[in-house]
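Have a look at the structure below, then the notes.
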Amino acid sequence: SKPVLFVTLLDYGAGNVRSVRNAIRHLGFDIKDVQSPEDILNANRLIFPGVGAFAAAMDVLNKTGMAEALCAYIENDRPFLGICLGLQLLFESSEENGPVNGLGLIPGGVGRFDSSNGFRVPHIGWNALQVYKDSDILDDIGNHHVYFVHSYRAMPSNDNKEWVSSTCNYGDKFIASIRRGNVHAVQFHPEKSGDVGLSVLRRFLYPKSHVTKKPTQGKASTLAKRVIACLDVRTNDKGDLVVTKGDQYDVREHTKENEVRNLGKPVELAGQYYKDGADEVSFLNITGFRDFPLGDLPMLKVLRYTSENVFVPLTVGGGIRDFTDANGRYYSSLEVASEYFRSGADKISIGSDAVYAAEEYLKTGVKTGKSSLEQISRVYGNQAVVVSIDPRRVYINSPNDVEFKAIRVTNPGPKGEEYAWYQCTVNGGREGRPIGAYELAKAVEELGAGEILLNCIDCDGQGKGYDLDLIKLISDAVSIPVIASSGAGAVEHFSEVFRKTNASASLAAGIFHRKEVI
Ligand code: 1PR
């Protein structure tokens, strides 16, 4: 039998490193977890996927003596790969909830992206690198894009230029990777960058198995627009978790039995969409609002199995809120989200509960810090929190007819109405609320959402294109990324929404299920 190969993993328990673990195993390595500073010093190769906030991470590293061990390990030029925060921590300090001191191995500080020049923060998505020097692990990248998700970044300078192996442009030119000897770190997520990301990990894990090539010169590029495959999941009447898809949110067949439309198995379909090239995969547990999601163990299993083979970002939504079960046990939304993260989600998506939080915030003007949105983004970072909006178009004759933001619509309503507002709903479109999509989007941005998934009930499943009026309204109103959703029926619809609005990504369901686009 093959000898067992080990890589040491520094996971200080601040978040989900499941996908890094899955990617390492996928590449044929077993994992030894760091329990003490000695484990760092004794490692043959060490991977440090930093998660959570900079200050909290430094705190743990200092208290456990691991900071010192890490410095010694790196100064001795031992094989090291830092990922994301695992790159940032090598620098002298960070502005994140700070200034806070870092490990101080690389000159320079880590600062926040500037959103004032129109760049949305967090920087989420696929971007190309400019590779400067032979960095070994980046040899297969070429012009391929890799996946980033972060709000803070380190900048190249004269003082750290001996370390910088590649940069990336996003408003600023920032450090995408460093390399000195056997020490590597990357700001992007190789474990979420599909095949090209796996090649980066492979080159770190099997350093002698390749011939060094000349560094490939990536072209400067802009952040790519993402295409997200969405799987609406629910339990059917037989109790099986199935992928379904509605027409304007109605997922039942119009037959005598009235059964839930069954389009296949979630893990299989997600794997298929990954192979077909989806940039991200989302699962929405569409009946999560009535079933307690932690009671819904199949959904956690779906995430676990999916994340073993799908190496792009996974989002899961449905039912994220505080909950008291039949036995009187209370679960906070944070516990629910944590369970999703532990099972392999990179982001969670909140629907109904975010509507209530936004209504409350607009009424009182006070951020209590207690809403699920605020709590989860405080602990996991706002890049991990998506708010899913389910608005329905309401036509009106004049923008003064309602207290909500109304716009002139491209296509007038059935009675010739020239204006509309977009009413938010909860519980899968079943209940309209006294808040518009515009008001909601702005409020949840303030409360800590990192991204908005913008559905439109009227367009859902219709295949007639996105609601461009709505998407333009919302993507111009906020500075976080907006994912356009509902209505894609042809390839042109994707290019149209990117041409005509400021959406950062487009999501679709039906068109993929029907295999119309690969
Ligand atoms: O309220 O936090 O429990 O979250 C519930 C989540 O489930 C929300 O994100 C909500 O959007 C979603 N949801 C609830 N009911 C339905 C339903 O369809 N009956 N699905 C539902 C939402 C809409 C999109 C769909 C796009 C693209 N699905 O995600 O995938 O409209 O479809 P298309 O490309 O076929 O047009 P909570």
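Labels for the structure tokens follow display order: chains A, B, ..., residues from 1 in each chain, ligands from 1.
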Nearby polymer residues, ligand 1, at most 6 Å, only C-alpha atoms and all ligand atoms, as a ChimeraX atom specification = /A:230,232,246,249-251,284-286,288-289,317-320,350-353,388,390,426-428,455,460-463,485-488,508-511
Would you list the contacts of Asp346 of chain A as a list in words, taking every protein, DNA or RNA residue within 7 Å and counting only C-alpha atoms, but skipping same-chain residues closer than 2 positions in sequence?
-> Pro313, Leu314, Thr315, Phe341, Gly344, Ile348 and Ala384 of chain A
May I have the selected residues written with N, CA and C atoms, as a PDB file, in the first residue's frame?
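After the write, selection_1.pdb holds the following:
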ATOM      1  N   PRO A 313     -16.872  28.137  -3.704  1.00  0.00           N
ATOM      2  CA  PRO A 313     -17.624  28.540  -2.515  1.00  0.00           C
ATOM      3  C   PRO A 313     -19.039  27.946  -2.470  1.00  0.00           C
ATOM      4  N   LEU A 314     -19.412  27.564  -1.263  1.00  0.00           N
ATOM      5  CA  LEU A 314     -20.751  27.011  -1.024  1.00  0.00           C
ATOM      6  C   LEU A 314     -21.511  27.926  -0.085  1.00  0.00           C
ATOM      7  N   THR A 315     -22.719  28.272  -0.484  1.00  0.00           N
ATOM      8  CA  THR A 315     -23.572  29.080   0.381  1.00  0.00           C
ATOM      9  C   THR A 315     -24.776  28.242   0.764  1.00  0.00           C
ATOM     10  N   PHE A 341     -21.577  26.182   8.932  1.00  0.00           N
ATOM     11  CA  PHE A 341     -20.167  26.436   8.574  1.00  0.00           C
ATOM     12  C   PHE A 341     -19.333  25.185   8.812  1.00  0.00           C
ATOM     13  N   GLY A 344     -19.450  22.657   6.142  1.00  0.00           N
ATOM     14  CA  GLY A 344     -18.838  22.909   4.840  1.00  0.00           C
ATOM     15  C   GLY A 344     -19.291  24.170   4.128  1.00  0.00           C
ATOM     16  N   ILE A 348     -23.417  31.836   4.750  1.00  0.00           N
ATOM     17  CA  ILE A 348     -24.798  31.486   5.040  1.00  0.00           C
ATOM     18  C   ILE A 348     -25.663  32.626   4.508  1.00  0.00           C
ATOM     19  N   ALA A 384     -19.072  36.417   5.130  1.00  0.00           N
ATOM     20  CA  ALA A 384     -19.711  35.105   5.282  1.00  0.00           C
ATOM     21  C   ALA A 384     -21.233  35.210   5.384  1.00  0.00           C
TER      22      ALA A 384
END
Please tabulate, as a tab-separated table, the residues of segment 15-78 of chain A that come within 12 Å of segment 157-180 of chain A, each with its closest pair of atoms and the distance in Å to one decimal, counting only C-alpha atoms and ordering rows by chain, then residue number upward.
residue	atom	partner	partner_atom	distance
A:Ile74	CA	A:Arg180	CA	9.6
A:Glu75	CA	A:Arg180	CA	10.2
A:Asn76	CA	A:Arg180	CA	11.2
A:Asp77	CA	A:Arg180	CA	8.0
A:Arg78	CA	A:Arg180	CA	10.4
Taking the DSSP assignment computed from this structure's backbone, write out as a VMD selection string all residues of segment 32-101 of chain A that belong to strand (DSSP E).
-> chain A and resid 32 to 33 46 to 50 80 to 84 91 to 94 100 to 101
Using N, CA and C atoms, can you write the selected residues to a file as a short mmCIF file (atom, residue, chain, number, x, y, z; two decimals), in the first residue's frame?
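Output saved as result33.cif:
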data_model
loop_
_atom_site.label_atom_id
_atom_site.label_comp_id
_atom_site.auth_asym_id
_atom_site.auth_seq_id
_atom_site.Cartn_x
_atom_site.Cartn_y
_atom_site.Cartn_z
N LYS A 32 -2.44 16.09 10.18
CA LYS A 32 -2.09 16.04 11.59
C LYS A 32 -2.43 17.43 12.13
N ASP A 33 -3.27 17.49 13.14
CA ASP A 33 -3.65 18.80 13.66
C ASP A 33 -2.67 19.27 14.72
N LEU A 46 3.60 22.64 6.74
CA LEU A 46 2.57 23.23 7.61
C LEU A 46 1.65 24.11 6.78
N ILE A 47 0.35 23.89 6.93
CA ILE A 47 -0.62 24.76 6.25
C ILE A 47 -1.38 25.53 7.33
N PHE A 48 -1.49 26.82 7.10
CA PHE A 48 -2.12 27.71 8.08
C PHE A 48 -3.24 28.49 7.38
N PRO A 49 -4.46 27.94 7.41
CA PRO A 49 -5.57 28.66 6.77
C PRO A 49 -6.19 29.61 7.79
N GLY A 50 -5.77 30.84 7.79
CA GLY A 50 -6.29 31.79 8.78
C GLY A 50 -7.76 32.06 8.54
N PHE A 80 6.00 26.07 4.40
CA PHE A 80 4.85 26.72 5.02
C PHE A 80 3.94 27.25 3.93
N LEU A 81 2.63 27.09 4.15
CA LEU A 81 1.65 27.73 3.26
C LEU A 81 0.57 28.40 4.11
N GLY A 82 0.54 29.72 4.05
CA GLY A 82 -0.51 30.49 4.73
C GLY A 82 -1.61 30.81 3.73
N ILE A 83 -2.85 30.80 4.20
CA ILE A 83 -3.97 31.11 3.30
C ILE A 83 -4.80 32.24 3.91
N CYS A 84 -5.07 33.26 3.10
CA CYS A 84 -5.93 34.38 3.47
C CYS A 84 -5.40 35.09 4.71
N PHE A 91 2.41 39.78 8.55
CA PHE A 91 2.85 41.18 8.47
C PHE A 91 2.94 41.81 9.87
N GLU A 92 3.39 43.08 9.88
CA GLU A 92 3.65 43.72 11.19
C GLU A 92 2.39 44.05 11.97
N SER A 93 1.34 44.47 11.24
CA SER A 93 0.14 44.91 11.96
C SER A 93 -1.06 44.91 11.02
N SER A 94 -2.25 45.06 11.62
CA SER A 94 -3.46 45.19 10.80
C SER A 94 -4.37 46.25 11.39
N VAL A 100 -3.55 46.30 15.36
CA VAL A 100 -3.18 45.12 16.14
C VAL A 100 -1.85 44.62 15.58
N ASN A 101 -0.95 44.21 16.45
CA ASN A 101 0.32 43.66 15.98
C ASN A 101 0.15 42.27 15.40
#
Fewer than 3 positions away in the same chain doesn't count, so skip those; otherwise give me all residues within 9 Å of Lys405 of chain A, counting only C-alpha atoms, as a PDB file with N, CA and C atoms, in the first residue's frame.
ATOM      1  N   PRO A 399     -45.031  57.739  -7.576  1.00  0.00           N
ATOM      2  CA  PRO A 399     -44.085  57.369  -6.508  1.00  0.00           C
ATOM      3  C   PRO A 399     -44.528  57.888  -5.148  1.00  0.00           C
ATOM      4  N   VAL A 402     -46.681  55.617  -2.073  1.00  0.00           N
ATOM      5  CA  VAL A 402     -46.167  54.783  -0.972  1.00  0.00           C
ATOM      6  C   VAL A 402     -45.022  55.498  -0.262  1.00  0.00           C
ATOM      7  N   ALA A 420     -43.388  51.428  -9.721  1.00  0.00           N
ATOM      8  CA  ALA A 420     -43.530  50.236  -8.881  1.00  0.00           C
ATOM      9  C   ALA A 420     -42.637  50.386  -7.669  1.00  0.00           C
ATOM     10  N   TRP A 421     -43.007  49.703  -6.598  1.00  0.00           N
ATOM     11  CA  TRP A 421     -42.063  49.490  -5.499  1.00  0.00           C
ATOM     12  C   TRP A 421     -41.954  48.002  -5.306  1.00  0.00           C
ATOM     13  N   TYR A 422     -40.939  47.587  -4.602  1.00  0.00           N
ATOM     14  CA  TYR A 422     -40.651  46.165  -4.483  1.00  0.00           C
ATOM     15  C   TYR A 422     -40.823  45.764  -3.033  1.00  0.00           C
ATOM     16  N   GLY A 436     -39.587  47.978   1.769  1.00  0.00           N
ATOM     17  CA  GLY A 436     -39.225  47.775   0.375  1.00  0.00           C
ATOM     18  C   GLY A 436     -37.837  47.167   0.248  1.00  0.00           C
ATOM     19  N   ALA A 437     -37.546  46.628  -0.944  1.00  0.00           N
ATOM     20  CA  ALA A 437     -36.236  46.002  -1.182  1.00  0.00           C
ATOM     21  C   ALA A 437     -35.115  47.033  -1.019  1.00  0.00           C
ATOM     22  N   TYR A 438     -35.385  48.260  -1.437  1.00  0.00           N
ATOM     23  CA  TYR A 438     -34.372  49.326  -1.343  1.00  0.00           C
ATOM     24  C   TYR A 438     -34.042  49.615   0.117  1.00  0.00           C
ATOM     25  N   GLU A 439     -35.079  49.806   0.913  1.00  0.00           N
ATOM     26  CA  GLU A 439     -34.875  50.107   2.333  1.00  0.00           C
ATOM     27  C   GLU A 439     -34.178  48.942   3.028  1.00  0.00           C
TER      28      GLU A 439
END
Excluding same-chain residues fewer than 5 positions from Pro412 of chain A, what lies within 12 Å of it counting only C-alpha atoms, as a list in words?
-> Arg393, Val394, Tyr395, Ile396, Asn397, Ser398, Ile407, Glu417, Glu418, Tyr419, Ala420 and Asp469 of chain A
Selected residues written out with N, CA and C atoms, as an mmCIF file, in the first residue's frame:
data_model
loop_
_atom_site.group_PDB
_atom_site.id
_atom_site.type_symbol
_atom_site.label_atom_id
_atom_site.label_comp_id
_atom_site.auth_asym_id
_atom_site.auth_seq_id
_atom_site.Cartn_x
_atom_site.Cartn_y
_atom_site.Cartn_z
ATOM 1 N N ARG A 393 -43.059 42.705 -6.999
ATOM 2 C CA ARG A 393 -43.296 44.018 -7.615
ATOM 3 C C ARG A 393 -44.724 44.486 -7.314
ATOM 4 N N VAL A 394 -44.866 45.728 -6.895
ATOM 5 C CA VAL A 394 -46.207 46.284 -6.656
ATOM 6 C C VAL A 394 -46.323 47.556 -7.510
ATOM 7 N N TYR A 395 -47.200 47.502 -8.508
ATOM 8 C CA TYR A 395 -47.328 48.655 -9.409
ATOM 9 C C TYR A 395 -48.111 49.780 -8.740
ATOM 10 N N ILE A 396 -47.712 51.006 -9.001
ATOM 11 C CA ILE A 396 -48.437 52.169 -8.498
ATOM 12 C C ILE A 396 -48.447 53.248 -9.581
ATOM 13 N N ASN A 397 -49.343 54.212 -9.415
ATOM 14 C CA ASN A 397 -49.428 55.260 -10.430
ATOM 15 C C ASN A 397 -48.418 56.375 -10.210
ATOM 16 N N SER A 398 -48.127 56.612 -8.920
ATOM 17 C CA SER A 398 -47.208 57.708 -8.623
ATOM 18 C C SER A 398 -46.271 57.284 -7.507
ATOM 19 N N ILE A 407 -39.814 53.299 -8.226
ATOM 20 C CA ILE A 407 -39.099 53.701 -9.433
ATOM 21 C C ILE A 407 -40.031 53.651 -10.640
ATOM 22 N N GLU A 417 -49.855 51.357 -15.051
ATOM 23 C CA GLU A 417 -49.097 52.017 -13.985
ATOM 24 C C GLU A 417 -47.643 52.185 -14.414
ATOM 25 N N GLU A 418 -47.090 53.360 -14.172
ATOM 26 C CA GLU A 418 -45.726 53.618 -14.640
ATOM 27 C C GLU A 418 -44.677 53.425 -13.551
ATOM 28 N N TYR A 419 -45.146 53.224 -12.328
ATOM 29 C CA TYR A 419 -44.193 53.101 -11.216
ATOM 30 C C TYR A 419 -44.410 51.786 -10.484
ATOM 31 N N ALA A 420 -43.388 51.428 -9.721
ATOM 32 C CA ALA A 420 -43.530 50.236 -8.881
ATOM 33 C C ALA A 420 -42.637 50.386 -7.669
ATOM 34 N N ASP A 469 -34.740 46.652 -13.736
ATOM 35 C CA ASP A 469 -35.078 47.870 -12.973
ATOM 36 C C ASP A 469 -34.717 47.673 -11.501
#
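Within the 7 Å cut-off around segment 354-361 of chain A, using only C-alpha atoms and omitting residues fewer than 4 positions from it on the same chain, the listed residues are Ile350, Gly365, Val366, Lys367, Ser371, Leu373, Val387, Ile435, Leu440, Ala443 and Val444 of chain A.
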Dump of C-alpha atoms for the selected residues, as a tab-separated table (two decimals), in the first residue's frame:
chain	number	residue	atom	x	y	z
A	350	ILE	CA	-30.52	34.88	5.77
A	365	GLY	CA	-32.43	53.55	14.55
A	366	VAL	CA	-30.54	51.39	17.05
A	367	LYS	CA	-28.22	48.55	16.17
A	371	SER	CA	-29.98	40.14	15.35
A	373	LEU	CA	-27.29	39.09	10.91
A	387	VAL	CA	-28.96	38.48	2.86
A	435	ILE	CA	-40.59	47.37	3.89
A	440	LEU	CA	-34.02	46.55	3.29
A	443	ALA	CA	-30.41	48.61	6.29
A	444	VAL	CA	-28.82	45.15	6.07
As a check of understanding: the span from atom CA of Phe311 of chain A to atom CA of Glu191 of chain A is 5.8 Å
Pick out the residues sitting within 8 Å of Ser479 of chain A, and hand them over as a list in words; count only C-alpha atoms, and ignore anything fewer than 4 positions along from it in its own chain.
-> Ser115, Gly118, Phe119, Arg120, Val121 and Ser475 of chain A
Could you find all residues in segment 148-325 of chain A that DSSP calls helix (DSSP H, G or I) from the backbone, and write them as a PyMOL selection string?
-> chain A and resi 190-192+194-205+266-276+297-309
Output file for the residues above (C-alpha atoms, as an mmCIF file, in the first residue's frame):
data_model
loop_
_atom_site.group_PDB
_atom_site.id
_atom_site.type_symbol
_atom_site.label_atom_id
_atom_site.label_comp_id
_atom_site.auth_asym_id
_atom_site.auth_seq_id
_atom_site.Cartn_x
_atom_site.Cartn_y
_atom_site.Cartn_z
ATOM 1 C CA PRO A 190 -6.831 27.730 -3.379
ATOM 2 C CA GLU A 191 -9.335 25.359 -1.768
ATOM 3 C CA LYS A 192 -12.170 27.373 -3.363
ATOM 4 C CA GLY A 194 -11.570 24.902 -8.568
ATOM 5 C CA ASP A 195 -8.931 22.891 -10.453
ATOM 6 C CA VAL A 196 -6.452 25.722 -10.673
ATOM 7 C CA GLY A 197 -6.645 26.185 -6.900
ATOM 8 C CA LEU A 198 -6.091 22.489 -6.326
ATOM 9 C CA SER A 199 -2.963 22.758 -8.496
ATOM 10 C CA VAL A 200 -1.571 25.390 -6.105
ATOM 11 C CA LEU A 201 -2.071 23.062 -3.145
ATOM 12 C CA ARG A 202 -0.716 20.115 -5.106
ATOM 13 C CA ARG A 203 2.476 22.005 -5.921
ATOM 14 C CA PHE A 204 2.948 22.858 -2.270
ATOM 15 C CA LEU A 205 2.293 19.295 -1.135
ATOM 16 C CA PRO A 266 -28.729 17.809 -4.118
ATOM 17 C CA VAL A 267 -25.206 16.332 -3.751
ATOM 18 C CA GLU A 268 -25.189 14.892 -7.271
ATOM 19 C CA LEU A 269 -26.477 18.051 -8.900
ATOM 20 C CA ALA A 270 -24.053 20.293 -6.990
ATOM 21 C CA GLY A 271 -21.166 18.053 -8.092
ATOM 22 C CA GLN A 272 -22.392 18.255 -11.674
ATOM 23 C CA TYR A 273 -22.596 22.062 -11.638
ATOM 24 C CA TYR A 274 -19.096 22.267 -10.187
ATOM 25 C CA LYS A 275 -17.784 20.088 -13.006
ATOM 26 C CA ASP A 276 -19.687 22.187 -15.517
ATOM 27 C CA LEU A 297 -29.827 16.671 9.520
ATOM 28 C CA PRO A 298 -30.040 15.661 5.863
ATOM 29 C CA MET A 299 -29.199 19.256 4.912
ATOM 30 C CA LEU A 300 -26.045 19.147 7.025
ATOM 31 C CA LYS A 301 -25.159 15.854 5.391
ATOM 32 C CA VAL A 302 -25.716 17.359 1.971
ATOM 33 C CA LEU A 303 -23.211 20.074 2.820
ATOM 34 C CA ARG A 304 -20.669 17.599 4.198
ATOM 35 C CA TYR A 305 -20.788 15.361 1.148
ATOM 36 C CA THR A 306 -20.868 18.235 -1.309
ATOM 37 C CA SER A 307 -17.854 19.967 0.197
ATOM 38 C CA GLU A 308 -15.770 16.807 -0.237
ATOM 39 C CA ASN A 309 -15.819 17.188 -4.001
#
Could you tell me how far atom CA of Leu85 of chain A lies from atom CA of Lys63 of chain A, in Å and to one decimal?
-> 17.9 Å
